[in-house]
Structure formats: structure tokens, C-alpha cells
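Quick look at protein_0.cif (mmCIF, C-alpha atoms and all ligand atoms):
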data_start
loop_
_atom_site.group_PDB
_atom_site.id
_atom_site.type_symbol
_atom_site.label_atom_id
_atom_site.label_comp_id
_atom_site.auth_asym_id
_atom_site.auth_seq_id
_atom_site.Cartn_x
_atom_site.Cartn_y
_atom_site.Cartn_z
ATOM 1 C CA MET A 4 -13.525 -17.261 38.008
ATOM 2 C CA LEU A 5 -12.741 -14.033 39.801
ATOM 3 C CA THR A 6 -9.943 -11.515 39.494
ATOM 4 C CA THR A 7 -9.170 -9.362 42.514
ATOM 5 C CA VAL A 8 -8.739 -5.639 41.915
ATOM 6 C CA ASP A 9 -8.403 -3.252 44.839
ATOM 7 C CA GLU A 10 -9.718 -5.955 47.174
ATOM 8 C CA VAL A 11 -12.860 -6.377 45.087
ATOM 9 C CA ALA A 12 -13.498 -9.580 43.178
ATOM 10 C CA VAL A 13 -14.349 -8.884 39.548
ATOM 11 C CA PRO A 14 -16.682 -11.370 37.854
ATOM 12 C CA HIS A 15 -15.362 -12.391 34.429
ATOM 13 C CA ASP A 16 -18.794 -12.501 32.873
ATOM 14 C CA VAL A 17 -22.004 -10.512 32.875
ATOM 15 C CA TRP A 18 -25.038 -12.068 34.561
ATOM 16 C CA VAL A 19 -28.542 -10.919 33.658
ATOM 17 C CA ASP A 20 -31.670 -12.048 35.504
ATOM 18 C CA PRO A 21 -33.757 -14.120 33.060
ATOM 19 C CA ARG A 22 -36.730 -11.817 33.837
ATOM 20 C CA VAL A 23 -34.850 -9.039 31.993
ATOM 21 C CA VAL A 24 -35.175 -9.346 28.209
ATOM 22 C CA VAL A 25 -34.155 -7.390 25.086
ATOM 23 C CA ALA A 26 -36.925 -5.667 23.070
ATOM 24 C CA ASP A 27 -37.534 -2.560 20.943
ATOM 25 C CA SER A 28 -37.298 0.651 22.976
ATOM 26 C CA THR A 29 -38.850 4.089 22.539
ATOM 27 C CA ILE A 30 -35.689 5.575 24.115
ATOM 28 C CA ALA A 31 -33.157 4.206 21.635
ATOM 29 C CA GLY A 32 -33.047 1.191 19.330
ATOM 30 C CA ARG A 33 -33.401 -1.796 21.553
ATOM 31 C CA GLY A 34 -33.463 -1.845 25.330
ATOM 32 C CA LEU A 35 -33.867 -4.129 28.330
ATOM 33 C CA PHE A 36 -37.347 -4.786 29.684
ATOM 34 C CA PHE A 37 -38.762 -6.557 32.708
ATOM 35 C CA SER A 38 -40.843 -9.563 31.689
ATOM 36 C CA ARG A 39 -42.324 -9.910 35.212
ATOM 37 C CA ASP A 40 -43.197 -7.705 38.182
ATOM 38 C CA ILE A 41 -40.105 -7.534 40.390
ATOM 39 C CA ALA A 42 -39.733 -6.141 43.918
ATOM 40 C CA GLY A 43 -37.588 -3.073 44.589
ATOM 41 C CA GLY A 44 -34.009 -3.770 45.656
ATOM 42 C CA THR A 45 -33.662 -6.961 43.594
ATOM 43 C CA VAL A 46 -30.244 -7.460 41.949
ATOM 44 C CA VAL A 47 -31.011 -8.163 38.273
ATOM 45 C CA LEU A 48 -27.641 -7.434 36.617
ATOM 46 C CA ARG A 49 -24.108 -8.248 37.624
ATOM 47 C CA LEU A 50 -21.451 -6.682 35.433
ATOM 48 C CA GLY A 51 -18.155 -8.342 34.701
ATOM 49 C CA GLY A 52 -15.270 -8.379 32.296
ATOM 50 C CA ARG A 53 -11.740 -7.051 32.254
ATOM 51 C CA VAL A 54 -10.456 -4.207 34.409
ATOM 52 C CA LEU A 55 -8.071 -1.834 32.605
ATOM 53 C CA SER A 56 -6.058 1.228 33.564
ATOM 54 C CA SER A 57 -6.959 4.567 31.960
ATOM 55 C CA ALA A 58 -4.018 4.235 29.519
ATOM 56 C CA GLN A 59 -4.989 0.678 28.561
ATOM 57 C CA LEU A 60 -8.599 1.744 28.022
ATOM 58 C CA ALA A 61 -7.584 4.722 25.846
ATOM 59 C CA ALA A 62 -5.465 2.371 23.700
ATOM 60 C CA GLU A 63 -8.364 -0.090 23.266
ATOM 61 C CA ILE A 64 -10.824 2.660 22.304
ATOM 62 C CA ASP A 65 -8.222 4.017 19.838
ATOM 63 C CA ASP A 66 -7.893 0.557 18.272
ATOM 64 C CA ALA A 67 -11.682 0.144 18.091
ATOM 65 C CA ASP A 68 -12.061 3.588 16.468
ATOM 66 C CA ARG A 69 -9.590 2.596 13.755
ATOM 67 C CA ASP A 70 -11.349 -0.699 13.000
ATOM 68 C CA PRO A 71 -14.879 -0.186 11.630
ATOM 69 C CA GLY A 72 -15.664 -3.857 12.301
ATOM 70 C CA ALA A 73 -14.709 -3.677 15.975
ATOM 71 C CA PRO A 74 -17.538 -3.932 18.533
ATOM 72 C CA TYR A 75 -18.425 -0.854 20.611
ATOM 73 C CA VAL A 76 -16.340 -0.797 23.817
ATOM 74 C CA ASP A 77 -18.827 -0.989 26.725
ATOM 75 C CA THR A 78 -17.063 0.437 29.739
ATOM 76 C CA ILE A 79 -17.761 1.958 33.133
ATOM 77 C CA THR A 80 -15.335 3.541 35.584
ATOM 78 C CA VAL A 81 -15.479 1.315 38.636
ATOM 79 C CA HIS A 82 -12.630 2.577 40.774
ATOM 80 C CA PRO A 83 -10.398 5.641 40.271
ATOM 81 C CA GLY A 84 -8.260 4.906 37.187
ATOM 82 C CA ARG A 85 -9.859 1.453 36.861
ATOM 83 C CA HIS A 86 -12.298 0.798 34.048
ATOM 84 C CA LEU A 87 -14.422 -2.287 33.589
ATOM 85 C CA VAL A 88 -14.684 -3.355 29.946
ATOM 86 C CA LEU A 89 -17.634 -5.673 29.372
ATOM 87 C CA PRO A 90 -17.277 -8.620 27.013
ATOM 88 C CA ALA A 91 -18.651 -7.771 23.549
ATOM 89 C CA GLY A 92 -22.202 -8.778 22.762
ATOM 90 C CA THR A 93 -23.686 -9.284 26.238
ATOM 91 C CA THR A 94 -27.339 -8.527 27.002
ATOM 92 C CA ALA A 95 -26.207 -5.711 29.320
ATOM 93 C CA HIS A 96 -25.078 -3.798 26.203
ATOM 94 C CA PHE A 97 -28.744 -2.972 25.485
ATOM 95 C CA GLY A 98 -29.368 -1.193 28.781
ATOM 96 C CA ASN A 99 -30.513 2.349 27.976
ATOM 97 C CA HIS A 100 -29.998 5.495 29.993
ATOM 98 C CA SER A 101 -32.895 7.270 31.693
ATOM 99 C CA CYS A 102 -32.809 10.431 33.805
ATOM 100 C CA ASP A 103 -35.418 8.689 36.041
ATOM 101 C CA PRO A 104 -34.107 5.107 35.903
ATOM 102 C CA THR A 105 -35.654 1.873 37.164
ATOM 103 C CA LEU A 106 -32.211 0.463 38.083
ATOM 104 C CA TRP A 107 -29.211 1.674 40.054
ATOM 105 C CA HIS A 108 -25.921 0.403 41.418
ATOM 106 C CA VAL A 109 -25.890 -1.340 44.791
ATOM 107 C CA GLY A 110 -22.201 -2.265 44.399
ATOM 108 C CA PRO A 111 -19.419 -1.734 41.877
ATOM 109 C CA TYR A 112 -20.834 -4.491 39.657
ATOM 110 C CA GLU A 113 -24.282 -5.194 41.111
ATOM 111 C CA ILE A 114 -27.288 -3.356 39.703
ATOM 112 C CA ALA A 115 -30.714 -3.616 41.377
ATOM 113 C CA THR A 116 -34.249 -2.365 40.865
ATOM 114 C CA ARG A 117 -34.582 1.153 42.286
ATOM 115 C CA ARG A 118 -38.253 0.555 43.125
ATOM 116 C CA ALA A 119 -40.885 -2.104 42.490
ATOM 117 C CA VAL A 120 -41.225 -2.537 38.714
ATOM 118 C CA HIS A 121 -43.969 -3.952 36.520
ATOM 119 C CA ALA A 122 -43.772 -6.356 33.607
ATOM 120 C CA GLY A 123 -43.225 -4.361 30.407
ATOM 121 C CA GLU A 124 -41.364 -1.443 32.016
ATOM 122 C CA GLU A 125 -37.953 -0.643 30.571
ATOM 123 C CA ALA A 126 -34.897 -1.457 32.679
ATOM 124 C CA THR A 127 -32.815 1.732 32.603
ATOM 125 C CA ILE A 128 -29.922 3.226 34.515
ATOM 126 C CA ASP A 129 -28.597 6.783 34.797
ATOM 127 C CA TYR A 130 -25.312 6.701 32.854
ATOM 128 C CA GLY A 131 -24.250 9.713 34.905
ATOM 129 C CA THR A 132 -23.846 7.398 37.916
ATOM 130 C CA GLN A 133 -21.361 5.242 35.960
ATOM 131 C CA SER A 134 -19.404 7.628 33.728
ATOM 132 C CA GLY A 135 -16.311 9.196 35.204
ATOM 133 C CA ALA A 136 -14.110 9.156 32.088
ATOM 134 C CA PRO A 137 -13.523 12.778 31.043
ATOM 135 C CA GLY A 138 -15.273 14.061 27.936
ATOM 136 C CA PHE A 139 -18.288 11.742 27.816
ATOM 137 C CA THR A 140 -21.425 13.526 26.597
ATOM 138 C CA MET A 141 -24.675 12.168 25.192
ATOM 139 C CA ARG A 142 -27.902 13.876 24.072
ATOM 140 C CA CYS A 143 -30.874 12.518 26.013
ATOM 141 C CA ARG A 144 -34.500 12.257 24.966
ATOM 142 C CA CYS A 145 -35.541 9.724 27.606
ATOM 143 C CA GLY A 146 -38.893 11.469 28.138
ATOM 144 C CA ALA A 147 -38.613 11.630 31.944
ATOM 145 C CA ASP A 148 -39.975 14.799 33.610
ATOM 146 C CA ALA A 149 -36.505 15.263 35.092
ATOM 147 C CA CYS A 150 -34.711 14.738 31.738
ATOM 148 C CA ARG A 151 -31.425 16.644 31.756
ATOM 149 C CA GLY A 152 -31.274 16.858 27.943
ATOM 150 C CA GLU A 153 -27.577 16.068 27.957
ATOM 151 C CA ILE A 154 -25.693 13.455 29.976
ATOM 152 C CA THR A 155 -22.039 14.095 30.754
ATOM 153 C CA SER A 156 -19.229 12.565 32.788
ATOM 154 C CA ASP A 157 -19.508 15.628 35.061
ATOM 155 C CA ASP A 158 -23.111 14.979 36.114
ATOM 156 C CA TRP A 159 -21.893 13.587 39.458
ATOM 157 C CA ARG A 160 -21.076 17.202 40.415
ATOM 158 C CA ARG A 161 -24.794 18.110 40.446
ATOM 159 C CA ARG A 162 -26.044 18.343 44.002
ATOM 160 C CA GLU A 163 -29.583 17.207 43.212
ATOM 161 C CA LEU A 164 -28.157 14.030 41.649
ATOM 162 C CA GLN A 165 -25.772 13.485 44.551
ATOM 163 C CA ALA A 166 -28.787 13.532 46.874
ATOM 164 C CA ARG A 167 -31.008 11.357 44.663
ATOM 165 C CA TYR A 168 -28.377 8.662 44.051
ATOM 166 C CA ARG A 169 -26.601 8.701 47.414
ATOM 167 C CA GLY A 170 -24.943 5.291 47.839
ATOM 168 C CA HIS A 171 -25.777 4.287 44.262
ATOM 169 C CA TRP A 172 -22.821 5.653 42.280
ATOM 170 C CA VAL A 173 -19.925 3.534 41.062
ATOM 171 C CA PRO A 174 -17.234 3.730 43.766
ATOM 172 C CA ALA A 175 -14.998 6.000 41.629
ATOM 173 C CA LEU A 176 -17.698 8.694 41.613
ATOM 174 C CA GLU A 177 -18.875 8.050 45.178
ATOM 175 C CA LEU A 178 -15.288 8.734 46.307
ATOM 176 C CA ARG A 179 -15.107 12.003 44.363
ATOM 177 C CA ILE A 180 -18.430 13.144 45.825
ATOM 178 C CA ARG A 181 -17.383 12.257 49.374
ATOM 179 C CA SER A 182 -14.042 14.027 48.949
ATOM 180 C CA GLY A 183 -15.978 17.242 48.316
ATOM 181 C CA ASP A 184 -14.578 17.632 44.797
ATOM 182 C CA VAL A 185 -17.695 19.500 43.639
ATOM 183 C CA ASP A 186 -18.585 22.881 42.316
ATOM 184 C CA GLY A 187 -21.500 24.835 43.726
HETATM 185 ZN ZN ZN B 201 -33.115 12.153 29.943
#
Could the structure of this file be written out as C-alpha cells, please?
Amino acid sequence: MLTTVDEVAVPHDVWVDPRVVVADSTIAGRGLFFSRDIAGGTVVLRLGGRVLSSAQLAAEIDDADRDPGAPYVDTITVHPGRHLVLPAGTTAHFGNHSCDPTLWHVGPYEIATRRAVHAGEEATIDYGTQSGAPGFTMRCRCGADACRGEITSDDWRRRELQARYRGHWVPALELRIRSGDVDG
């Protein structure tokens, strides 16, 4: 089933290519790994779930913070003021951040290999390309040469990242970049 938001159909569920599996990660806890060699540009993840307004999302995160038993709210900002909340407990939850990722967005929900990948490599994405909600920060020890040390919801303002990920941001951030809302 699909829900239409801003002319874009939102899948209700998360789809993960069966060649992407969960295993222990040196980046953090568990992560996603390729179990086979896969060509660059292959869609291996399709996100889905519920789309909420900023106010609705803030209320859900508030509720989750008050309930120690509540699952972590996995969310990305798809369109301006529109946040995708993934169903709890999907495989996509284990996707780790890397500052030199093997995956990137090719659509609001579609995530593809950024280059040809080998069996055993970790499937990672740059959270900076997905996080537009103000105030997000995360320490990073991904080990990449280009590691930024800290990931924030303002990383889209960095010109070197704008160039590296051109066309591979969630639409909310792509729009901000194109509108020239950047600092030097
Ligand atoms: Zn890093």
C-alpha cells in the first residue's frame, strides 16, 4: 500500500535487499553488511513508514523519551517539515553512519550503492545527507580518512559535502542547498 505525500508515494514498509545482512560492526554495535559483490548504483534499501509533521514528530519523540521501554524513533527528514518514521525493529535500523559511505540516496526513499562493493564490506550512509531536524549531533569514529569527528544536522551547509553528494541528499536538504541557504 502507498500513501501519497507531496506527490510522492510513500511505501508503508522498509525493503532490504537480501544480500544486505546484519552483523557485528567495528563502527558501532551491529551494522549492515553486503553478503555478495554488488555493482555500483544498485538500489539495496527502500525506506518506508509513516510521514509526520514536525510537531507530530516532536510529540512522538517526547513520548518515547518518557517511556524507557519505547523503541528508538528512526526518522529522516524527507521533505521540508515532513519526517519519515520507520517502523520499529526493521533491518534498516542497523545501518551505521560513515563519513565515506558505501550507500547514498537516489530518491527520497531509495538508497543505492555509491560504488561497486565487495562481499563483507559494511553498508553505510552519511547521516548528514538525511538529517535536517535542528539540533542533531553525533560523535563519529567511523575511521574514514575524511572522518568529520562530529555529525550534525547542519552538515549540508558544508560546500565540500554539497559537491560530493550532489543529487544524493534527501529532498528537504537538496532544496535548502539549491535555494542557496548556505554559509561560506
Ligand atoms: Zn566519521
Query - Within-8 Å residues of ligand ZN 201 (chain B), basis all atoms listed in the file, as a list in words - result: His100, Ser101, Cys102, Asp103, Cys143, Arg144, Cys145, Gly146, Ala147, Ala149, Cys150, Arg151, Gly152, Glu153 and Ile154 of chain A
Report task. Might you pull out every residue within 10 Å of Val109 in chain A, with all atoms listed in the file counted and same-chain residues fewer than 5 positions away left off, and present them as a PyMOL selection string? Result -> chain A and resi 44-46+114-117+170-173
Report task. Counting all atoms listed in the file, figure out which residue out of A:Ile128, A:Val120, A:Val81, A:Ile64 gets nearest to Asn99 in chain A. Result ->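 Selected residue with least distance to Asn99 in chain A: A:Ile128.
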**Report entry** Shortest interatomic distance to Gly92 in chain A - which of A:Pro74, A:Pro174, A:Gly135, A:Gly52, counting all atoms listed in the file
**Finding:**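 That would be A:Pro74, the residue with the smallest distance to Gly92 in chain A.
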Requested in this report: Go through A:Glu113, A:Asp148, A:Glu177, A:Glu124 one by one, measure the shortest atom-to-atom distance of each to Val47 in chain A using all atoms listed in the file, and give the residue with the smallest value.
Outcome: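 Looking at the shortest contact to Val47 in chain A, the residue is A:Glu113.
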Return the padded bounding box of range 71-76 of chain A as AutoDock Vina command-line options: axis-aligned, built from all atoms listed in the file, 8 Å added on each side, with centre and edge lengths in Å to one decimal.
--center_x -16.6 --center_y -2.1 --center_z 17.7 --size_x 19.7 --size_y 19.7 --size_z 28.2
Query raised in the report: Quick one: residues within 10 Å of Leu35 in chain A, all atoms listed in the file counted, chain neighbours fewer than 5 positions away excluded, as a ChimeraX atom specification?
Result: /A:22-28,94-99,123-127
Requested in this report: Could you tell me which residues the PyMOL selection byres (((chain A and resi 133) around 6) and not hetatm) returns for this structure, as a ChimeraX atom specification?
Outcome: /A:79,130-132,134,173
Query - Length of the CA of Met141 in chain A to CA of Ala61 in chain A vector [Å] - result: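 CA of Ala61 in chain A lies at a distance of 18.7 Å from CA of Met141 in chain A.
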Report task. Name the residues in contact with Ser56 in chain A at a cut-off of 8 Å, using all atoms listed in the file, excluding same-chain residues fewer than 3 positions from it; report them as a PyMOL selection string. Result -> chain A and resi 59-60+84-86
Dump as a PDB file, in the coordinates of the input, selection limited to C-alpha atoms:
ATOM      1  CA  GLN A  59      -4.989   0.678  28.561  1.00  0.00           C
ATOM      2  CA  LEU A  60      -8.599   1.744  28.022  1.00  0.00           C
ATOM      3  CA  GLY A  84      -8.260   4.906  37.187  1.00  0.00           C
ATOM      4  CA  ARG A  85      -9.859   1.453  36.861  1.00  0.00           C
ATOM      5  CA  HIS A  86     -12.298   0.798  34.048  1.00  0.00           C
TER       6      HIS A  86
END
**Report entry** Among the residues A:Arg142, A:Arg69, A:Arg181, A:His15, the one that comes closest to Tyr112 in chain A [using all atoms listed in the file]
**Finding:** A:His15
Report task. Apply the PyMOL selection byres (((chain A and resi 42) around 6) and not hetatm) to the structure shown and report the selected residues as JSON, numbers by chain. Result -> {"A": [41, 43, 119]}
Take the selection from the previous step and output its residues with C-alpha atoms, as a PDB file, in the coordinates of the input.
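Just written: result-v6.pdb:
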ATOM      1  CA  ILE A  41     -40.105  -7.534  40.390  1.00  0.00           C
ATOM      2  CA  GLY A  43     -37.588  -3.073  44.589  1.00  0.00           C
ATOM      3  CA  ALA A 119     -40.885  -2.104  42.490  1.00  0.00           C
TER       4      ALA A 119
END
**Report entry** Coordinates-based distance that separates CA of Leu55 in chain A from CA of Trp107 in chain A (Å, one decimal)
**Finding:**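 Between CA of Trp107 in chain A and CA of Leu55 in chain A the gap works out to 22.7 Å.
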Requested in this report: Would you mind reading off the distance between CA of Gly110 in chain A and CA of Thr78 in chain A, one decimal, in Å?
Outcome: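 Spanning CA of Gly110 in chain A to CA of Thr78 in chain A is a straight-line distance of 15.8 Å.
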**Report entry** Point (-43.4, -7.7, 37.0), cut-off 7 Å, counting only C-alpha atoms, residues as a PyMOL selection string
**Finding:** chain A and resi 37-41+120-122
Query raised in the report: When the PyMOL selection byres (((chain A and resi 14) around 6) and not hetatm) is applied to the file above, which residues end up in the set, as a list of chain:residue names?
Result: A:Leu5, A:Val13, A:His15, A:Asp16, A:Gly51
Query raised in the report: Taking into account all atoms listed in the file, which residue in the set A:Gly72, A:Pro137, A:Pro111, A:Gly183 is nearest to Ala12 in chain A?
Result: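 Of A:Gly72, A:Pro137, A:Pro111, A:Gly183, the one nearest Ala12 in chain A, counting all atoms listed in the file, is A:Pro111.
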Query raised in the report: Restricting the calculation to all atoms listed in the file, which member of A:Ala136, A:Leu164, A:Leu50, A:Ala62 is positioned closest to Pro90 in chain A?
Result: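 Under the stated criterion, the closest residue is A:Leu50.
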